[in-house]
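Asks: This is the content of start-v4.txt (compact mmCIF, C-alpha atoms and all ligand atoms):
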# COMPACT_ATOMS: atom_id res chain seq x y z
CA MET A 1123 0.00 0.00 0.00
CA ARG A 1124 1.14 3.57 -0.68
CA SER A 1125 1.33 6.14 2.12
CA VAL A 1126 -1.63 8.53 2.28
CA PHE A 1127 -1.59 12.11 3.56
CA VAL A 1128 -4.14 14.74 4.60
CA ILE A 1129 -3.38 17.87 2.60
CA GLY A 1130 -6.31 20.13 3.41
CA SER A 1131 -9.44 20.34 5.53
CA SER A 1132 -12.32 22.56 6.49
CA MET A 1133 -15.42 22.60 8.66
CA SER A 1134 -18.39 24.92 8.94
CA ARG A 1135 -19.74 26.27 12.19
CA PHE A 1136 -21.82 23.57 13.89
CA GLY A 1137 -25.18 24.43 15.46
CA LYS A 1138 -28.50 25.70 14.19
CA ILE A 1139 -27.53 27.01 10.75
CA ALA A 1140 -29.92 28.71 8.33
CA GLU A 1141 -28.33 27.50 5.08
CA SER A 1142 -29.22 24.17 3.46
CA GLY A 1143 -26.99 21.12 3.82
CA ARG A 1144 -26.13 21.41 0.14
CA GLU A 1145 -24.95 25.02 0.47
CA SER A 1146 -22.92 24.26 3.58
CA LEU A 1147 -21.37 21.14 2.02
CA THR A 1148 -20.39 23.02 -1.14
CA LYS A 1149 -18.70 25.75 0.88
CA VAL A 1150 -16.58 23.39 3.01
CA CYS A 1151 -15.50 21.51 -0.11
CA PHE A 1152 -14.32 24.74 -1.76
CA ASP A 1153 -12.50 25.69 1.46
CA ALA A 1154 -10.80 22.30 1.87
CA ILE A 1155 -9.65 22.34 -1.77
CA ARG A 1156 -8.26 25.86 -1.27
CA ASP A 1157 -6.55 24.73 1.97
CA ALA A 1158 -4.97 21.81 0.10
CA GLY A 1159 -3.59 24.15 -2.55
CA VAL A 1160 -4.92 22.08 -5.44
CA GLU A 1161 -7.31 22.80 -8.31
CA ALA A 1162 -10.65 20.98 -8.16
CA SER A 1163 -9.80 19.52 -11.55
CA GLU A 1164 -6.89 17.60 -9.95
CA ILE A 1165 -9.32 15.53 -7.81
CA ASP A 1166 -9.72 11.97 -9.03
CA SER A 1167 -12.75 10.84 -6.96
CA THR A 1168 -15.13 12.33 -4.41
CA PHE A 1169 -16.83 10.62 -1.44
CA TYR A 1170 -19.81 12.24 0.27
CA SER A 1171 -21.98 11.39 3.28
CA ASN A 1172 -25.39 12.86 4.05
CA ALA A 1173 -27.28 10.17 5.97
CA PHE A 1174 -30.38 12.29 6.60
CA GLY A 1175 -30.42 14.20 3.31
CA LEU A 1176 -33.88 12.84 2.58
CA THR A 1177 -35.24 15.08 5.36
CA GLU A 1178 -34.28 17.97 3.04
CA ARG A 1179 -35.80 16.05 0.10
CA GLN A 1180 -32.34 15.53 -1.39
CA ALA A 1181 -30.45 12.31 -1.98
CA HIS A 1182 -27.54 11.58 -4.33
CA VAL A 1183 -25.64 14.76 -3.40
CA GLY A 1184 -22.39 13.71 -5.11
CA PRO A 1185 -23.16 14.92 -8.64
CA LEU A 1186 -24.71 18.12 -7.24
CA ILE A 1187 -21.63 19.05 -5.23
CA ASN A 1188 -19.23 17.99 -7.99
CA SER A 1189 -21.18 20.13 -10.47
CA ALA A 1190 -20.98 23.12 -8.09
CA LEU A 1191 -17.22 22.53 -7.78
CA GLY A 1192 -16.90 22.57 -11.59
CA ILE A 1193 -15.94 18.88 -11.81
CA PRO A 1194 -19.16 17.15 -12.98
CA GLY A 1195 -17.17 14.42 -14.75
CA VAL A 1196 -15.40 13.24 -11.58
CA PRO A 1197 -16.87 10.01 -10.16
CA SER A 1198 -18.64 10.46 -6.82
CA VAL A 1199 -20.09 8.02 -4.33
CA SER A 1200 -22.35 8.44 -1.30
CA VAL A 1201 -21.44 6.50 1.84
CA GLU A 1202 -24.01 5.90 4.60
CA SER A 1203 -22.96 4.33 7.88
CA ALA A 1204 -25.11 6.25 10.41
CA CYS A 1205 -22.95 8.41 12.71
CA SER A 1206 -19.76 6.94 11.22
CA SER A 1207 -20.73 7.79 7.63
CA SER A 1208 -17.94 10.19 6.72
CA SER A 1209 -15.19 8.22 8.48
CA ALA A 1210 -16.37 5.22 6.44
CA ALA A 1211 -16.19 7.46 3.35
CA LEU A 1212 -12.64 8.47 4.34
CA HIS A 1213 -11.68 4.80 4.60
CA GLU A 1214 -12.94 4.20 1.05
CA ALA A 1215 -10.98 7.20 -0.23
CA PHE A 1216 -7.90 5.98 1.69
CA VAL A 1217 -8.16 2.64 -0.13
CA HIS A 1218 -8.36 4.45 -3.48
CA VAL A 1219 -5.17 6.43 -2.80
CA ALA A 1220 -3.26 3.67 -0.97
CA SER A 1221 -3.94 1.23 -3.81
CA GLY A 1222 -2.68 3.63 -6.46
CA LEU A 1223 -6.08 3.90 -8.13
CA ASP A 1224 -6.28 7.63 -7.31
CA ASP A 1225 -3.79 10.35 -6.34
CA ILE A 1226 -6.12 12.95 -4.83
CA CYS A 1227 -9.58 12.43 -3.26
CA LEU A 1228 -12.11 14.73 -1.62
CA VAL A 1229 -14.17 13.40 1.33
CA ALA A 1230 -16.98 15.42 2.88
CA GLY A 1231 -20.05 15.01 5.05
CA SER A 1232 -22.97 17.19 5.93
CA GLU A 1233 -26.20 17.18 7.90
CA LYS A 1234 -29.06 19.58 8.35
CA LEU A 1235 -31.27 18.58 11.29
CA SER A 1236 -32.52 21.77 12.96
CA HIS A 1237 -35.58 22.01 10.69
CA LEU A 1238 -36.86 18.75 12.19
CA GLY A 1239 -37.28 19.47 15.92
CA THR A 1240 -36.34 16.96 18.63
CA LEU A 1241 -39.26 14.57 18.11
CA SER A 1242 -38.80 14.17 14.33
CA ALA A 1243 -35.01 14.05 14.58
CA THR A 1244 -35.24 11.33 17.25
CA THR A 1245 -37.61 9.37 15.01
CA TYR A 1246 -35.30 9.62 12.00
CA PHE A 1247 -32.24 8.72 14.09
CA ALA A 1248 -34.04 5.64 15.43
CA MET A 1249 -33.89 4.27 11.88
CA GLY A 1250 -30.15 3.81 12.47
CA SER A 1251 -30.90 1.35 15.30
CA ASP A 1252 -32.61 -2.04 14.89
CA PHE A 1253 -35.96 -0.46 14.04
CA PRO A 1254 -38.38 -3.33 14.84
CA PHE A 1255 -36.56 -4.58 17.95
CA GLU A 1256 -35.20 -1.35 19.46
CA ALA A 1257 -37.05 1.69 18.10
CA MET A 1258 -40.48 0.00 18.00
CA SER A 1259 -39.98 -1.01 21.64
CA GLY A 1260 -39.66 2.67 22.44
CA VAL A 1261 -35.90 2.81 22.93
CA THR A 1262 -34.30 5.94 21.47
CA PHE A 1263 -30.53 6.52 21.23
CA PRO A 1264 -30.40 8.26 24.63
CA GLY A 1265 -32.20 5.17 26.00
CA LEU A 1266 -29.82 2.70 24.34
CA TYR A 1267 -26.71 4.50 25.58
CA ALA A 1268 -28.33 4.90 29.02
CA ASN A 1269 -28.52 1.09 29.20
CA ILE A 1270 -24.83 0.95 28.30
CA ALA A 1271 -24.06 3.50 31.02
CA VAL A 1272 -25.97 1.57 33.70
CA ALA A 1273 -24.13 -1.64 32.77
CA HIS A 1274 -20.74 0.16 32.93
CA MET A 1275 -21.62 1.76 36.28
CA LYS A 1276 -22.67 -1.60 37.70
CA ARG A 1277 -19.64 -3.52 36.49
CA TYR A 1278 -16.86 -0.95 36.95
CA GLY A 1279 -18.20 1.44 39.57
CA THR A 1280 -18.36 4.32 37.11
CA THR A 1281 -20.20 7.19 38.82
CA GLN A 1282 -22.52 10.03 37.82
CA GLU A 1283 -19.69 12.44 38.76
CA MET A 1284 -17.40 10.68 36.27
CA LEU A 1285 -20.00 11.10 33.52
CA ALA A 1286 -20.34 14.76 34.52
CA SER A 1287 -16.58 15.30 34.31
CA VAL A 1288 -16.64 14.33 30.62
CA ALA A 1289 -19.39 16.88 29.88
CA ILE A 1290 -17.69 19.63 31.92
CA LYS A 1291 -14.35 19.05 30.15
CA ASN A 1292 -15.82 18.98 26.66
CA HIS A 1293 -17.89 22.11 27.24
CA ALA A 1294 -14.73 23.83 28.57
CA ASN A 1295 -12.72 22.72 25.49
CA ALA A 1296 -15.41 24.03 23.13
CA MET A 1297 -14.98 27.51 24.65
CA HIS A 1298 -11.82 27.65 22.51
CA ASN A 1299 -13.49 26.33 19.36
CA PRO A 1300 -15.10 29.17 17.39
CA LEU A 1301 -16.99 26.64 15.24
CA ALA A 1302 -18.56 24.71 18.15
CA HIS A 1303 -22.34 24.35 18.62
CA PHE A 1304 -22.14 25.22 22.32
CA ARG A 1305 -19.65 27.71 23.68
CA LYS A 1306 -20.93 27.55 27.22
CA ARG A 1307 -18.90 26.50 30.23
CA ILE A 1308 -20.88 24.28 32.62
CA SER A 1309 -20.36 23.46 36.30
CA ILE A 1310 -21.20 20.33 38.25
CA SER A 1311 -24.33 22.06 39.58
CA ASP A 1312 -25.44 23.06 36.04
CA TYR A 1313 -25.04 19.40 35.14
CA MET A 1314 -26.85 17.98 38.20
CA GLU A 1315 -29.69 20.51 37.95
CA SER A 1316 -30.29 19.90 34.22
CA PRO A 1317 -33.28 17.71 33.31
CA VAL A 1318 -32.95 13.93 33.30
CA ILE A 1319 -33.29 12.66 29.70
CA ALA A 1320 -32.93 8.88 30.28
CA TYR A 1321 -31.48 7.68 33.60
CA PRO A 1322 -28.58 8.17 34.31
CA PHE A 1323 -28.31 10.83 31.60
CA HIS A 1324 -29.02 14.46 32.25
CA LEU A 1325 -29.26 16.99 29.41
CA TYR A 1326 -25.50 17.58 29.53
CA ASP A 1327 -24.69 13.90 29.04
CA CYS A 1328 -26.18 14.10 25.54
CA CYS A 1329 -24.85 15.47 22.29
CA PRO A 1330 -27.23 17.88 20.55
CA PHE A 1331 -28.81 17.69 17.10
CA SER A 1332 -26.53 19.93 15.03
CA ASP A 1333 -26.32 21.24 11.48
CA GLY A 1334 -22.90 21.41 9.87
CA SER A 1335 -20.41 20.14 7.32
CA ALA A 1336 -16.75 19.13 7.11
CA ALA A 1337 -14.39 18.22 4.28
CA VAL A 1338 -10.89 16.82 3.88
CA VAL A 1339 -8.57 16.34 0.90
CA ILE A 1340 -6.19 13.38 0.92
CA ALA A 1341 -3.33 12.61 -1.44
CA SER A 1342 -0.49 10.27 -2.29
CA GLU A 1343 2.96 10.97 -0.84
CA GLU A 1344 4.27 12.30 -4.14
CA LYS A 1345 1.44 14.84 -4.42
CA ALA A 1346 1.58 15.74 -0.72
CA ARG A 1347 5.33 16.40 -0.76
CA ALA A 1348 4.99 18.61 -3.83
CA LEU A 1349 2.31 20.70 -2.09
CA LYS A 1350 3.07 20.87 1.64
CA GLN A 1351 5.92 21.59 4.07
CA GLU A 1352 4.03 20.20 7.08
CA LEU A 1353 3.07 16.59 6.32
CA VAL A 1354 0.32 14.70 8.14
CA GLU A 1355 0.11 11.02 7.26
CA ILE A 1356 -2.90 8.78 7.73
CA ALA A 1357 -0.80 6.08 9.38
CA ALA A 1358 -3.81 3.74 9.62
CA SER A 1359 -7.40 3.64 8.43
CA GLU A 1360 -9.32 0.72 9.87
CA ARG A 1361 -12.96 -0.28 10.22
CA GLY A 1362 -14.68 -2.81 12.44
CA GLY A 1363 -18.12 -4.27 13.03
CA SER A 1364 -20.15 -5.39 16.07
CA VAL A 1365 -23.40 -7.29 16.64
CA ALA A 1366 -25.99 -4.73 15.55
CA THR A 1367 -28.62 -4.99 18.27
CA LEU A 1368 -27.77 -4.21 21.88
CA GLN A 1369 -29.90 -7.04 23.32
CA ASP A 1370 -27.95 -9.62 21.27
CA ARG A 1371 -24.50 -8.60 22.55
CA ALA A 1372 -22.64 -10.65 25.12
CA ASP A 1373 -21.21 -7.48 26.69
CA ILE A 1374 -22.50 -3.93 26.27
CA THR A 1375 -19.75 -2.21 28.26
CA SER A 1376 -17.41 -2.33 25.26
CA ILE A 1377 -17.81 -2.02 21.47
CA ASP A 1378 -16.18 -5.01 19.76
CA GLY A 1379 -15.85 -3.30 16.37
CA ALA A 1380 -13.99 -0.35 17.88
CA VAL A 1381 -11.65 -2.64 19.85
CA ALA A 1382 -10.85 -4.64 16.69
CA ALA A 1383 -10.38 -1.57 14.47
CA ALA A 1384 -8.09 0.08 17.04
CA ARG A 1385 -5.97 -3.07 17.47
CA ARG A 1386 -5.51 -3.34 13.70
CA ALA A 1387 -4.74 0.37 13.39
CA PHE A 1388 -2.01 0.23 16.07
CA SER A 1389 -0.55 -2.93 14.62
CA ARG A 1390 -0.50 -1.63 11.05
CA SER A 1391 1.01 1.73 11.99
CA HIS A 1392 3.50 0.33 14.56
CA ILE A 1393 2.23 2.93 16.99
CA ASP A 1394 1.28 2.16 20.62
CA PRO A 1395 -1.71 3.59 22.49
CA GLY A 1396 0.82 5.22 24.84
CA ASP A 1397 2.21 7.25 21.89
CA ILE A 1398 -1.10 9.06 21.31
CA ASP A 1399 -1.00 12.79 22.15
CA VAL A 1400 -4.52 13.72 21.11
CA ALA A 1401 -7.73 11.78 20.54
CA GLU A 1402 -11.04 12.73 18.99
CA VAL A 1403 -13.53 10.08 20.09
CA HIS A 1404 -17.24 9.49 19.58
CA ASP A 1405 -18.80 11.01 22.73
CA CYS A 1406 -22.42 11.05 21.54
CA PHE A 1407 -23.15 10.50 25.24
CA THR A 1408 -20.67 10.94 28.10
CA ILE A 1409 -20.44 7.19 28.70
CA ALA A 1410 -19.45 6.74 25.05
CA GLU A 1411 -16.28 8.78 25.59
CA ILE A 1412 -15.38 6.73 28.67
CA ILE A 1413 -15.90 3.46 26.79
CA ALA A 1414 -14.08 4.76 23.70
CA THR A 1415 -10.95 5.65 25.67
CA GLU A 1416 -10.95 2.08 27.04
CA ASP A 1417 -11.78 0.40 23.71
CA ILE A 1418 -8.95 2.09 21.81
CA GLY A 1419 -6.51 1.25 24.60
CA LEU A 1420 -5.81 4.69 26.06
CA PHE A 1421 -6.84 3.33 29.50
CA PRO A 1422 -7.40 -0.19 30.87
CA LYS A 1423 -10.97 -1.53 30.82
CA GLY A 1424 -13.05 0.06 33.56
CA GLU A 1425 -10.57 2.93 34.10
CA GLY A 1426 -12.02 5.44 31.61
CA GLY A 1427 -14.29 7.14 34.13
CA ARG A 1428 -11.54 7.47 36.72
CA ALA A 1429 -9.14 8.88 34.10
CA ALA A 1430 -11.73 11.49 33.08
CA ILE A 1431 -12.53 12.67 36.61
CA GLU A 1432 -8.83 12.84 37.52
CA GLY A 1433 -8.10 15.16 34.58
CA GLU A 1434 -6.00 12.69 32.58
CA THR A 1435 -8.07 13.39 29.44
CA ALA A 1436 -7.98 17.19 29.72
CA ILE A 1437 -5.77 19.34 27.50
CA GLY A 1438 -2.48 19.19 29.40
CA GLY A 1439 -3.41 15.82 30.93
CA ARG A 1440 -1.88 12.46 30.01
CA VAL A 1441 -3.71 12.37 26.67
CA ALA A 1442 -6.03 15.14 25.47
CA VAL A 1443 -9.41 13.67 24.57
CA ASN A 1444 -11.84 15.71 22.47
CA PRO A 1445 -10.01 19.05 22.58
CA SER A 1446 -12.50 20.22 19.92
CA GLY A 1447 -15.35 19.90 22.45
CA GLY A 1448 -16.35 16.55 20.97
CA LEU A 1449 -19.82 15.62 19.81
CA LYS A 1450 -21.06 16.78 23.24
CA ALA A 1451 -20.21 20.46 22.81
CA LYS A 1452 -18.73 20.95 19.33
CA GLY A 1453 -21.90 19.24 18.08
CA HIS A 1454 -22.93 16.18 16.11
CA PRO A 1455 -24.16 16.78 12.56
CA VAL A 1456 -24.09 13.02 12.04
CA SER A 1457 -22.49 12.69 8.59
CA ALA A 1458 -20.05 15.56 9.17
CA THR A 1459 -18.71 14.15 12.45
CA GLY A 1460 -16.14 11.63 11.19
CA VAL A 1461 -14.44 14.11 8.86
CA ALA A 1462 -14.72 16.90 11.46
CA GLN A 1463 -12.66 14.72 13.82
CA ILE A 1464 -9.99 14.47 11.11
CA HIS A 1465 -10.15 18.26 10.61
CA GLU A 1466 -9.47 18.73 14.34
CA LEU A 1467 -6.54 16.28 14.31
CA TYR A 1468 -5.11 17.96 11.19
CA GLU A 1469 -5.23 21.34 12.97
CA GLN A 1470 -3.73 19.84 16.14
CA LEU A 1471 -0.89 18.14 14.25
CA THR A 1472 -0.10 21.24 12.20
CA GLY A 1473 -0.18 23.43 15.32
CA THR A 1474 -3.11 25.57 14.17
CA ALA A 1475 -5.70 24.70 16.82
CA GLY A 1476 -5.49 28.06 18.61
CA GLY A 1477 -6.60 28.19 22.25
CA ARG A 1478 -7.26 24.45 22.37
CA GLN A 1479 -3.85 23.45 20.95
CA VAL A 1480 -2.37 20.34 22.57
CA GLY A 1481 1.35 20.95 23.21
CA ASN A 1482 3.78 19.04 20.94
CA ALA A 1483 1.00 17.04 19.28
CA GLU A 1484 2.66 14.52 16.96
CA ILE A 1485 0.23 11.58 16.86
CA GLY A 1486 -3.57 11.62 16.97
CA ILE A 1487 -6.35 9.08 16.83
CA ALA A 1488 -9.95 9.43 15.64
CA HIS A 1489 -12.64 6.98 16.81
CA ASN A 1490 -16.09 7.20 15.23
CA VAL A 1491 -18.97 4.76 15.63
CA GLY A 1492 -22.27 4.30 13.83
CA ALA A 1493 -25.33 3.99 16.09
CA THR A 1494 -24.37 1.89 19.15
CA GLY A 1495 -21.23 0.69 17.38
CA GLY A 1496 -22.48 -1.71 14.73
CA SER A 1497 -20.00 0.02 12.41
CA CYS A 1498 -16.78 1.62 13.62
CA SER A 1499 -13.81 3.52 12.19
CA VAL A 1500 -10.41 4.24 13.68
CA HIS A 1501 -7.88 6.52 12.00
CA ILE A 1502 -4.38 7.27 13.27
CA LEU A 1503 -2.73 10.43 12.01
CA ARG A 1504 0.97 11.18 12.39
CA ARG A 1505 2.95 14.32 11.77
CA VAL A 1506 5.90 13.57 9.49
CA ARG A 1507 8.95 15.81 9.72
C1 LIG B 1 -30.94 15.89 24.90
C2 LIG B 1 -32.08 16.23 23.97
C3 LIG B 1 -33.25 15.27 24.19
C4 LIG B 1 -32.53 17.67 24.30
O1 LIG B 1 -33.60 18.01 23.44
P1 LIG B 1 -34.76 19.02 23.93
O2 LIG B 1 -35.16 18.67 25.33
O3 LIG B 1 -35.81 19.04 22.88
O4 LIG B 1 -34.01 20.38 23.99
P2 LIG B 1 -34.32 21.69 23.14
O5 LIG B 1 -33.87 21.50 21.74
O6 LIG B 1 -35.75 22.09 23.39
O7 LIG B 1 -33.36 22.74 23.84
C5 LIG B 1 -33.60 23.21 25.16
C6 LIG B 1 -32.34 23.93 25.63
O8 LIG B 1 -31.30 22.95 25.88
C7 LIG B 1 -30.19 23.17 25.01
N1 LIG B 1 -29.77 21.85 24.56
C8 LIG B 1 -30.44 21.01 23.74
N2 LIG B 1 -29.75 19.86 23.62
C9 LIG B 1 -28.63 20.00 24.36
C10 LIG B 1 -27.55 19.17 24.62
N3 LIG B 1 -27.49 17.96 24.07
N4 LIG B 1 -26.56 19.61 25.43
C11 LIG B 1 -26.63 20.84 25.99
N5 LIG B 1 -27.66 21.70 25.78
C12 LIG B 1 -28.65 21.27 24.97
C13 LIG B 1 -30.72 24.03 23.88
O9 LIG B 1 -29.70 24.83 23.33
C14 LIG B 1 -31.74 24.87 24.59
O10 LIG B 1 -31.07 25.90 25.31
P3 LIG B 1 -31.73 27.37 25.43
O11 LIG B 1 -33.04 27.15 26.15
O12 LIG B 1 -30.71 28.11 26.21
O13 LIG B 1 -31.91 27.82 24.01
C15 LIG B 1 -31.63 16.18 22.48
O14 LIG B 1 -30.58 17.10 22.28
C16 LIG B 1 -31.17 14.78 22.09
O15 LIG B 1 -31.97 13.87 21.89
N6 LIG B 1 -29.85 14.57 21.95
C17 LIG B 1 -29.31 13.27 21.54
C18 LIG B 1 -29.15 13.21 20.03
C19 LIG B 1 -28.81 11.82 19.57
O16 LIG B 1 -29.39 10.84 20.01
N7 LIG B 1 -27.85 11.69 18.66
C20 LIG B 1 -27.42 10.41 18.15
C21 LIG B 1 -26.35 9.86 19.00
S1 LIG B 1 -26.00 8.17 18.65
Would you put the structure from the file into structure tokens?
Replies:
Amino acid sequence: MRSVFVIGSSMSRFGKIAESGRESLTKVCFDAIRDAGVEASEIDSTFYSNAFGLTERQAHVGPLINSALGIPGVPSVSVESACSSSSAALHEAFVHVASGLDDICLVAGSEKLSHLGTLSATTYFAMGSDFPFEAMSGVTFPGLYANIAVAHMKRYGTTQEMLASVAIKNHANAMHNPLAHFRKRISISDYMESPVIAYPFHLYDCCPFSDGSAAVVIASEEKARALKQELVEIAASERGGSVATLQDRADITSIDGAVAAARRAFSRSHIDPGDIDVAEVHDCFTIAEIIATEDIGLFPKGEGGRAAIEGETAIGGRVAVNPSGGLKAKGHPVSATGVAQIHELYEQLTGTAGGRQVGNAEIGIAHNVGATGGSCSVHILRRVR
């Protein structure tokens, strides 16, 4: 396989945004191409994700965005993998460049959800779970992850205060992210006094429904070296799968697909979990960050909650987790999330993350899961001097 590099990226502001998903997606693609320093005509293939595009009465966005970019003849593909859609799209693009099929690919994801309201958005999202067995039994995503949280609390002694510490940290990190959905510091009393959504989750345990888009341009080593001084390599791009339905899993305190993808990613890149300086992980709910940090090997099983409450995952701690604010506070426009994590790592590894910069960041990991982890992606990025 050839080495693959990130050469440009962009993300829109996340939150309640007036513009359509199509407008927002087009803009981030233009920005990422400009950031990469290439002409759109140099792109060999494009990969787009827009899982809930049908709520805007628009599917098949690829040809629309390519036409707007002035490259209607470039082949495009849409990749849907629930909340891990655009990281799955990135994996496909990685394969195209690593195999030598393509030299430069554009990967982008977008979602527009704010026109739906909480009830409709929850109903659409439920289609990403096992609809007849989970959604039709009345379990929404907050409910599914609440079950996971209760199991983790019971087995490992994870506490409500540990969950709260994840939310407080991620809200604090997002204060330094001008593109975040929420730029609002919260205290333990804000957390405890916020409404209960699904026990043990309060409002601040949950990610919001966000609008937003993100894009990244990747290239072969030859192209990357011709264009960039600062090189960021995708040292590994791995995917994994888990039993789809929560009730059918032997253990719900861990996500098998994420564990497998992370193991393969570390093995392929010859990097150890202890080498990671910065991690962007899928904290759709606070417990998900705790489990993610265990699943990818940053902390031993059962230790994720303790690590969070003791500040080991803060910027300046042992390993900075979700310096962007994560899905919790940066926001979660489903199909933009995977690529937005890569955007954050690219900024961290090129030293352009501003007030949330992690000191001497050389190696980063992105962990992104679809639904409750039926589909998972792990990417390791490394700064190359
Ligand atoms: C938690 C949740 C139920 C809250 O929805 P809601 O009760 O309808 O909240 P509203 O949209 O009416 O917002 C009420 C207030 O809470 C804020 N808010 C909404 N969701 C929030 C969240 N997740 N975190 C922090 N604040 C939030 C809003 O900004 C608003 O603040 P304001 O009054 O200052 O303007 C909803 O955000 C949710 O379901 N999140 C999970 C999404 C999900 O499942 N994603 C898939 C993951 S796999």
Asks: Kindly give the distance, in Å, that separates atom CA of Ala1483 of chain A and atom CA of Val1339 of chain A, rounded to a single decimal.
Replies: 20.7 Å
Asks: Name the residues, by chain letter and number, that sit within 8 Å of ligand LIG 1 (chain B) using all atoms listed in the file, and give them as a PyMOL selection string.
Replies: chain A and resi 1205+1239-1241+1243-1244+1247+1262-1264+1267+1304+1319+1324-1331+1406-1407+1450-1451+1454+1456+1492-1494
Asks: Got a sec: who's within 12 Å of His1392 of chain A, counting only C-alpha atoms, leaving out chain neighbours fewer than 6 positions off, as a list of chain:residue names?
Replies: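 In the requested form, the answer reads A:Ala1357, A:Ala1358, A:Ala1384, A:Arg1385, A:Arg1386, A:Ile1398, A:Ile1485, A:Ile1502, A:Arg1504.
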Asks: Would you compute the distance between atom CA of Asn1444 of chain A and atom CA of Asn1292 of chain A? Give it in Å to one decimal.
Replies: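 It comes out at 6.6 Å.
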Asks: Given the choices A:Ala1294, A:Val1354, A:Ala1488, A:Pro1395, which gets closest to Tyr1468 of chain A if the distance is worked out from all atoms listed in the file?
Replies: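 Looking at the shortest contact to Tyr1468 of chain A, the residue is A:Val1354.
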Asks: Using only C-alpha atoms for the distances, tell me which of A:Pro1185, A:Ser1125, A:Leu1266, A:Tyr1278 is nearest to His1218 of chain A.
Replies: A:Ser1125
Asks: Considering all atoms listed in the file, state which residue in the set A:Ala1372, A:Ile1187, A:Leu1353, A:Ala1181 is at the smallest distance from Glu1469 of chain A.
Replies: A:Leu1353
Asks: List as a ChimeraX atom specification the protein and nucleic acid residues near Asp1399 of chain A, meaning an atom at most 10 Å away when only C-alpha atoms are counted, but skip any in the same chain fewer than 4 places from it.
Replies: /A:1395,1437-1443,1470-1471,1480-1487
Asks: If I take atom CA of Phe1323 of chain A and atom CA of Glu1256 of chain A, how far is one from the other in Å, to one decimal?
Replies: 18.5 Å
Asks: Closest to Ala1336 of chain A among A:Ala1348, A:Leu1238, A:Val1150, A:Val1365, using only C-alpha atoms?
Replies: A:Val1150
Asks: I'd like the neighbourhood of Leu1420 of chain A as a list in words, where a residue qualifies if any of its atoms comes within 10 Å (using all atoms listed in the file), though same-chain residues fewer than 2 positions away should be ignored.
Replies: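 Skipping anything fewer than 2 positions along the chain leaves Asp1394, Pro1395, Gly1396, Asp1397, Ile1398, Ala1401, Ala1414, Thr1415, Glu1416, Asp1417, Ile1418, Pro1422, Lys1423, Glu1425, Gly1426, Ala1429, Thr1435, Arg1440, Val1441 and Val1443 of chain A.
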Asks: Kindly assemble as a Markdown table a list of the segment 1145-1247 of chain A residues that lie within 12 Å of segment 1126-1137 of chain A, each paired with its nearest atom pair and their distance in Å to one decimal, using all atoms listed in the file, sorted first by chain and then by ascending residue number.
Replies:
| residue | atom | partner | partner_atom | distance |
| --- | --- | --- | --- | --- |
| A:Glu1145 | CA | A:Ser1134 | CA | 10.7 |
| A:Ser1146 | CA | A:Ser1134 | CA | 7.0 |
| A:Leu1147 | CA | A:Ser1134 | CA | 8.4 |
| A:Thr1148 | CA | A:Ser1134 | CA | 10.5 |
| A:Lys1149 | CA | A:Ser1134 | CA | 8.1 |
| A:Val1150 | CA | A:Ser1132 | CA | 5.6 |
| A:Cys1151 | CA | A:Ser1132 | CA | 7.4 |
| A:Phe1152 | CA | A:Ser1132 | CA | 8.8 |
| A:Asp1153 | CA | A:Ser1132 | CA | 5.9 |
| A:Ala1154 | CA | A:Ser1131 | CA | 4.4 |
| A:Ile1155 | CA | A:Gly1130 | CA | 6.5 |
| A:Arg1156 | CA | A:Gly1130 | CA | 7.7 |
| A:Asp1157 | CA | A:Gly1130 | CA | 4.8 |
| A:Ala1158 | CA | A:Gly1130 | CA | 3.9 |
| A:Gly1159 | CA | A:Gly1130 | CA | 7.7 |
| A:Val1160 | CA | A:Gly1130 | CA | 9.2 |
| A:Leu1212 | CA | A:Val1128 | CA | 10.6 |
| A:His1213 | CA | A:Val1126 | CA | 11.0 |
| A:Ala1215 | CA | A:Val1126 | CA | 9.8 |
| A:Phe1216 | CA | A:Val1126 | CA | 6.8 |
| A:Val1217 | CA | A:Val1126 | CA | 9.1 |
| A:His1218 | CA | A:Val1126 | CA | 9.8 |
| A:Val1219 | CA | A:Val1126 | CA | 6.5 |
| A:Ala1220 | CA | A:Val1126 | CA | 6.1 |
| A:Ser1221 | CA | A:Val1126 | CA | 9.8 |
| A:Gly1222 | CA | A:Val1126 | CA | 10.1 |
| A:Asp1224 | CA | A:Val1126 | CA | 10.7 |
| A:Asp1225 | CA | A:Val1126 | CA | 9.1 |
| A:Ile1226 | CA | A:Ile1129 | CA | 9.3 |
| A:Cys1227 | CA | A:Val1128 | CA | 9.8 |
| A:Leu1228 | CA | A:Gly1130 | CA | 9.4 |
| A:Val1229 | CA | A:Ser1131 | CA | 9.4 |
| A:Ala1230 | CA | A:Ser1132 | CA | 9.3 |
| A:Gly1231 | CA | A:Met1133 | CA | 9.6 |
| A:Ser1232 | CA | A:Ser1134 | CA | 9.5 |
| A:Glu1233 | CA | A:Phe1136 | CA | 9.8 |
| A:Lys1234 | CA | A:Gly1137 | CA | 9.4 |
| A:Leu1235 | CA | A:Gly1137 | CA | 9.4 |
| A:Ser1236 | CA | A:Gly1137 | CA | 8.2 |
| A:His1237 | CA | A:Gly1137 | CA | 11.7 |
Asks: Restricting the calculation to only C-alpha atoms, which member of A:Arg1179, A:Arg1428, A:Arg1478, A:Lys1138 is positioned closest to Thr1281 of chain A?
Replies: A:Arg1428
Asks: Point out the residue among A:Val1491, A:Val1338, A:Leu1223, A:Ala1162 with the least atom-to-atom distance to Gly1195 of chain A, counting only C-alpha atoms.
Replies: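 Comparing A:Val1491, A:Val1338, A:Leu1223, A:Ala1162 against Gly1195 of chain A, the winner is A:Ala1162.
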